[in-house]
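Below is the file upload05.txt, which contains compact mmCIF, C-alpha atoms and all ligand atoms.
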```txt
# COMPACT_ATOMS: atom_id res chain seq x y z
CA MET A 21 126.93 142.44 82.79
CA VAL A 22 123.47 142.06 84.31
CA ASP A 23 121.14 144.84 83.14
CA LEU A 24 119.68 146.15 86.41
CA ASP A 25 117.27 148.52 84.65
CA ALA A 26 115.80 145.56 82.78
CA PHE A 27 115.75 143.53 86.00
CA VAL A 28 113.78 146.27 87.78
CA ALA A 29 111.41 146.67 84.80
CA ASN A 30 110.76 142.92 84.76
CA CYS A 31 110.10 142.92 88.52
CA LYS A 32 107.70 145.84 88.05
CA ALA A 33 105.88 143.90 85.33
CA ALA A 34 105.55 140.92 87.71
CA LEU A 35 103.66 143.14 90.18
CA ALA A 36 100.58 142.78 87.97
CA ASP A 37 100.24 139.20 89.25
CA ASP A 38 98.28 138.39 92.40
CA ASP A 39 101.44 136.75 93.70
CA PRO A 40 104.48 138.27 91.98
CA THR A 41 106.98 136.10 93.89
CA PRO A 42 107.23 133.18 91.39
CA LYS A 43 108.20 135.56 88.58
CA VAL A 44 110.54 137.56 90.82
CA GLU A 45 112.12 134.30 91.97
CA ALA A 46 112.71 133.30 88.32
CA LEU A 47 114.23 136.73 87.57
CA ILE A 48 116.54 136.44 90.57
CA ARG A 49 117.50 132.89 89.61
CA GLU A 50 118.54 134.14 86.18
CA ALA A 51 120.47 137.12 87.62
CA ILE A 52 122.39 135.16 90.27
CA ALA A 53 123.45 132.63 87.66
CA ASP A 54 125.87 135.38 86.57
CA PRO A 55 127.64 136.45 89.79
CA GLU A 56 130.36 138.36 87.96
CA GLY A 57 127.74 140.19 85.94
CA LEU A 58 125.93 141.19 89.13
CA HIS A 59 129.14 142.33 90.82
CA ALA A 60 129.87 144.53 87.81
CA ALA A 61 126.34 145.94 87.64
CA PHE A 62 126.11 146.71 91.37
CA GLY A 63 129.63 148.13 91.35
CA GLU A 64 128.37 150.90 89.12
CA ARG A 65 125.48 151.75 91.46
CA SER A 66 126.03 151.03 95.12
CA THR A 67 129.07 152.81 96.37
CA GLY A 68 128.36 153.25 100.07
CA LYS A 69 128.27 150.86 102.96
CA SER A 70 124.93 151.78 104.49
CA LEU A 71 121.68 149.99 103.77
CA ARG A 72 120.32 153.14 102.12
CA ASP A 73 123.33 153.41 99.83
CA ARG A 74 122.71 149.88 98.64
CA ILE A 75 119.14 150.43 97.52
CA VAL A 76 119.27 150.03 93.77
CA TYR A 77 115.65 150.94 93.20
CA HIS A 78 112.63 151.81 95.31
CA ASP A 79 109.14 153.10 94.90
CA ASP A 80 105.92 152.40 96.81
CA GLU A 81 105.55 148.94 95.26
CA LEU A 82 109.07 147.62 94.94
CA THR A 83 112.52 147.80 96.52
CA VAL A 84 115.65 146.22 95.04
CA LEU A 85 118.54 146.05 97.46
CA GLN A 86 122.09 144.75 97.23
CA VAL A 87 123.05 143.24 100.57
CA ALA A 88 126.76 142.89 101.34
CA THR A 89 127.56 141.20 104.63
CA VAL A 90 130.97 141.16 106.26
CA PRO A 91 132.16 138.06 108.14
CA GLY A 92 130.37 137.82 111.48
CA LEU A 93 127.63 140.25 110.49
CA GLN A 94 124.45 139.58 112.46
CA SER A 95 121.25 141.56 111.93
CA PRO A 96 118.69 142.06 114.66
CA VAL A 97 115.37 140.25 114.31
CA HIS A 98 112.95 142.24 112.14
CA ASN A 99 109.98 141.97 109.83
CA HIS A 100 109.21 143.61 106.48
CA ASN A 101 105.38 143.63 106.25
CA MET A 102 105.72 142.76 102.56
CA TRP A 103 106.90 139.76 100.58
CA ALA A 104 110.61 139.41 99.90
CA VAL A 105 112.75 137.24 97.65
CA ILE A 106 116.42 136.81 98.59
CA GLY A 107 119.05 135.37 96.25
CA VAL A 108 122.69 134.79 97.20
CA TYR A 109 125.22 135.20 94.39
CA ASP A 110 128.49 135.21 96.32
CA GLY A 111 129.18 133.54 99.65
CA GLU A 112 126.44 132.58 102.11
CA GLU A 113 123.57 134.16 104.04
CA TYR A 114 122.00 132.34 106.99
CA ASN A 115 118.35 133.16 107.64
CA ALA A 116 116.79 132.43 111.02
CA PHE A 117 112.99 132.62 111.14
CA PHE A 118 110.99 133.52 114.24
CA GLU A 119 107.46 133.51 115.57
CA GLU A 120 106.09 135.68 118.31
CA THR A 121 103.83 134.10 120.91
CA ALA A 122 102.38 135.34 124.18
CA ASP A 123 105.61 134.44 125.95
CA GLY A 124 107.94 136.05 123.47
CA LEU A 125 109.99 135.43 120.38
CA HIS A 126 111.01 131.90 119.36
CA GLN A 127 113.10 130.64 116.48
CA ALA A 128 110.81 128.70 114.17
CA GLY A 129 113.00 127.64 111.29
CA GLU A 130 116.09 128.44 109.31
CA LYS A 131 117.38 128.54 105.78
CA HIS A 132 121.09 128.50 105.10
CA LEU A 133 121.48 130.09 101.68
CA LYS A 134 124.57 129.33 99.67
CA GLU A 135 125.60 130.69 96.30
CA GLY A 136 122.73 130.23 93.86
CA ASP A 137 120.12 129.65 96.60
CA ILE A 138 116.90 131.64 96.96
CA ALA A 139 114.44 132.19 99.83
CA VAL A 140 110.90 133.52 99.40
CA LEU A 141 109.58 135.31 102.52
CA GLN A 142 105.92 135.96 103.23
CA PRO A 143 104.71 139.39 104.43
CA GLU A 144 104.31 138.09 107.99
CA THR A 145 107.81 136.56 108.12
CA ILE A 146 110.07 137.60 111.01
CA HIS A 147 113.76 136.93 110.42
CA ALA A 148 117.37 137.77 111.17
CA ILE A 149 120.32 137.22 108.85
CA ASN A 150 123.97 136.58 109.38
CA ASN A 151 127.09 135.86 107.36
CA PRO A 152 128.38 132.52 108.65
CA ILE A 153 131.60 132.38 106.62
CA ASP A 154 134.97 134.08 106.94
CA ARG A 155 134.66 136.31 103.90
CA LYS A 156 132.26 138.91 102.56
CA SER A 157 128.98 137.63 101.10
CA ASN A 158 126.65 139.26 98.61
CA ALA A 159 122.95 138.85 97.92
CA ILE A 160 120.16 140.55 96.04
CA HIS A 161 116.96 141.23 98.00
CA VAL A 162 113.71 142.23 96.28
CA TYR A 163 110.71 143.43 98.33
CA GLY A 164 107.09 143.97 97.38
CA GLY A 165 106.88 147.52 98.69
CA ASN A 166 108.94 150.45 99.90
CA LEU A 167 111.34 149.02 102.45
CA VAL A 168 112.28 152.44 103.79
CA THR A 169 108.87 154.02 104.29
CA ARG A 170 106.57 151.03 104.92
CA GLU A 171 104.56 151.69 108.08
CA GLY A 172 104.12 149.23 110.89
CA ARG A 173 107.44 147.43 110.56
CA SER A 174 109.06 146.05 113.71
CA MET A 175 112.48 145.10 114.98
CA TRP A 176 113.33 143.34 118.21
CA ASN A 177 115.76 144.92 120.66
CA PRO A 178 118.59 142.37 120.98
CA ARG A 179 119.18 143.23 124.64
CA THR A 180 115.59 143.06 125.87
CA GLN A 181 113.90 140.99 123.10
CA GLU A 182 111.17 143.66 123.14
CA ARG A 183 109.39 144.53 119.89
CA GLU A 184 110.14 148.09 118.75
CA ASP A 185 109.09 150.23 115.79
CA TYR A 186 111.48 149.71 112.91
CA GLU A 187 113.95 152.53 112.43
CA ILE A 188 116.77 152.12 109.93
CA GLY A 189 119.38 154.07 111.96
CA GLN A 190 118.70 152.07 115.11
CA LEU A 191 118.67 148.83 113.09
CA SER A 192 122.20 149.68 111.93
CA GLU A 193 123.26 150.33 115.53
CA TYR A 194 121.87 146.98 116.66
CA THR A 195 123.61 145.28 113.74
CA LYS A 196 126.96 146.80 114.73
CA GLU A 197 126.40 145.76 118.33
CA LEU A 198 125.47 142.17 117.46
CA SER A 199 128.31 141.88 114.96
CA GLY A 200 130.98 143.33 117.24
CA ILE A 201 131.66 146.08 114.72
CA ALA A 202 132.74 149.37 116.29
FE FE B 1 115.16 141.36 106.34
```

The structure given in the file should be rewritten as structure tokens.
Amino acid sequence: MVDLDAFVANCKAALADDDPTPKVEALIREAIADPEGLHAAFGERSTGKSLRDRIVYHDDELTVLQVATVPGLQSPVHNHNMWAVIGVYDGEEYNAFFEETADGLHQAGEKHLKEGDIAVLQPETIHAINNPIDRKSNAIHVYGGNLVTREGRSMWNPRTQEREDYEIGQLSEYTKELSGIA
């Protein structure tokens, strides 16, 4: 079984670097090489379905999140205002990247993550994720800050494409709407 306490401690140690993402990426690469071990470790911790329930660890410098996506799940477009490293250990997670210009939001890239793949996101990255396959997918997301309390985060209203202040409850509502989940 993957030792999540050790994983968190090793991520915390990486924060001493100017850019912690190479070390965090290596830690994630090692962890996702053992999908069964991660399933077992997360099974002991994250029992709920909400984003909050799936936070394995968070403080002001680091958040470790288990992200389970059902088939058809589509997140709204959002930013994090901190670096992030995403590793898929079961299934697939499609990442669409966006840029905001004077005339609105435009898709500016993509990364289709399959089992064993990793994406490193910069603090200014704007993205949306979806599960493109017909079964549940699982990923580990590590962020360089407190994902819940970080100020100045944004999400984009899927109906109007307007930028809004990030709010986790409303993000969940938009996700349900976009995913066709009642
Ligand atoms: Fe995100």

Problem set entry | For atom CA of A:Gly68 and atom CA of A:Arg183, the interatomic separation in Å (one decimal) | 28.8 Å

For this session: Throw together the list of residues within 7 Å of ligand FE 1 (chain B), counting all atoms listed in the file, and drop it here as a list of chain:residue names.
Result: A:His98, A:Asn99, A:His100, A:His147, A:Ala148

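Counting only C-alpha atoms and comparing A:Glu120, A:Asp137, A:Asp154, A:Glu171, the residue that lies closest to A:Met102 is A:Glu171.
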
Exercise. Near A:Val90, counting only C-alpha atoms, which residues have an atom at most 10 Å away, once you skip same-chain residues fewer than 4 positions from it, shown as a ChimeraX atom specification?
Worked result: /A:94,150-158,199,201

Problem set entry | Within-9 Å shell of (122.4, 137.2, 93.4) in input frame, all atoms listed in the file, as a PyMOL selection string | chain A and resi 48-55+58-59+86+106-110+135-138+158-161

Please dump the current selection as a JSON list (two decimals), keeping the file's coordinate frame; keep C-alpha atoms.
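What follows is the written file again-v2.json:
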```
[["chain", "number", "residue", "atom", "x", "y", "z"],
["A", 48, "ILE", "CA", 116.54, 136.44, 90.57],
["A", 49, "ARG", "CA", 117.50, 132.89, 89.61],
["A", 50, "GLU", "CA", 118.54, 134.14, 86.18],
["A", 51, "ALA", "CA", 120.47, 137.12, 87.62],
["A", 52, "ILE", "CA", 122.39, 135.16, 90.27],
["A", 53, "ALA", "CA", 123.45, 132.63, 87.66],
["A", 54, "ASP", "CA", 125.87, 135.38, 86.57],
["A", 55, "PRO", "CA", 127.64, 136.45, 89.79],
["A", 58, "LEU", "CA", 125.93, 141.19, 89.13],
["A", 59, "HIS", "CA", 129.14, 142.33, 90.82],
["A", 86, "GLN", "CA", 122.09, 144.75, 97.23],
["A", 106, "ILE", "CA", 116.42, 136.81, 98.59],
["A", 107, "GLY", "CA", 119.05, 135.37, 96.25],
["A", 108, "VAL", "CA", 122.69, 134.79, 97.20],
["A", 109, "TYR", "CA", 125.22, 135.20, 94.39],
["A", 110, "ASP", "CA", 128.49, 135.21, 96.32],
["A", 135, "GLU", "CA", 125.60, 130.69, 96.30],
["A", 136, "GLY", "CA", 122.73, 130.23, 93.86],
["A", 137, "ASP", "CA", 120.12, 129.65, 96.60],
["A", 138, "ILE", "CA", 116.90, 131.64, 96.96],
["A", 158, "ASN", "CA", 126.65, 139.26, 98.61],
["A", 159, "ALA", "CA", 122.95, 138.85, 97.92],
["A", 160, "ILE", "CA", 120.16, 140.55, 96.04],
["A", 161, "HIS", "CA", 116.96, 141.23, 98.00]]
```

Taking (106.4, 141.4, 107.4) in the file's coordinates as the center, which residues reach within 8 Å of it, counting all atoms listed in the file, put as a PDB file with C-alpha atoms, in the frame of the given file?
```
ATOM      1  CA  ASN A  99     109.980 141.970 109.830  1.00  0.00           C
ATOM      2  CA  HIS A 100     109.210 143.610 106.480  1.00  0.00           C
ATOM      3  CA  ASN A 101     105.380 143.630 106.250  1.00  0.00           C
ATOM      4  CA  MET A 102     105.720 142.760 102.560  1.00  0.00           C
ATOM      5  CA  TRP A 103     106.900 139.760 100.580  1.00  0.00           C
ATOM      6  CA  GLN A 142     105.920 135.960 103.230  1.00  0.00           C
ATOM      7  CA  PRO A 143     104.710 139.390 104.430  1.00  0.00           C
ATOM      8  CA  GLU A 144     104.310 138.090 107.990  1.00  0.00           C
ATOM      9  CA  THR A 145     107.810 136.560 108.120  1.00  0.00           C
ATOM     10  CA  ILE A 146     110.070 137.600 111.010  1.00  0.00           C
ATOM     11  CA  ARG A 173     107.440 147.430 110.560  1.00  0.00           C
TER      12      ARG A 173
END
```

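With only C-alpha atoms as the basis for measurement, A:Thr41 is the residue among A:Ser174, A:Gln127, A:Thr41, A:Thr89 that approaches A:Ala104 most closely.
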
For this session: For A:Glu197, work out the shell of residues within 12 Å, counting only C-alpha atoms and skipping chain neighbours fewer than 3 positions away, then give it as a ChimeraX atom specification.
Result: /A:92-96,177-179,190-194,200-202

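You will find atom CA of A:Phe117 at 20.0 Å from atom CA of A:Glu187.
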
Grab all the atoms of stretch 89-108 of chain A that the file lists, wrap them in a box along x, y and z, add 5 Å per side, and give me centre plus edge lengths in Å (one decimal) as JSON.
```
{"center_x": 118.8, "center_y": 139.2, "center_z": 105.5, "size_x": 36.8, "size_y": 18.8, "size_z": 28.4}
```
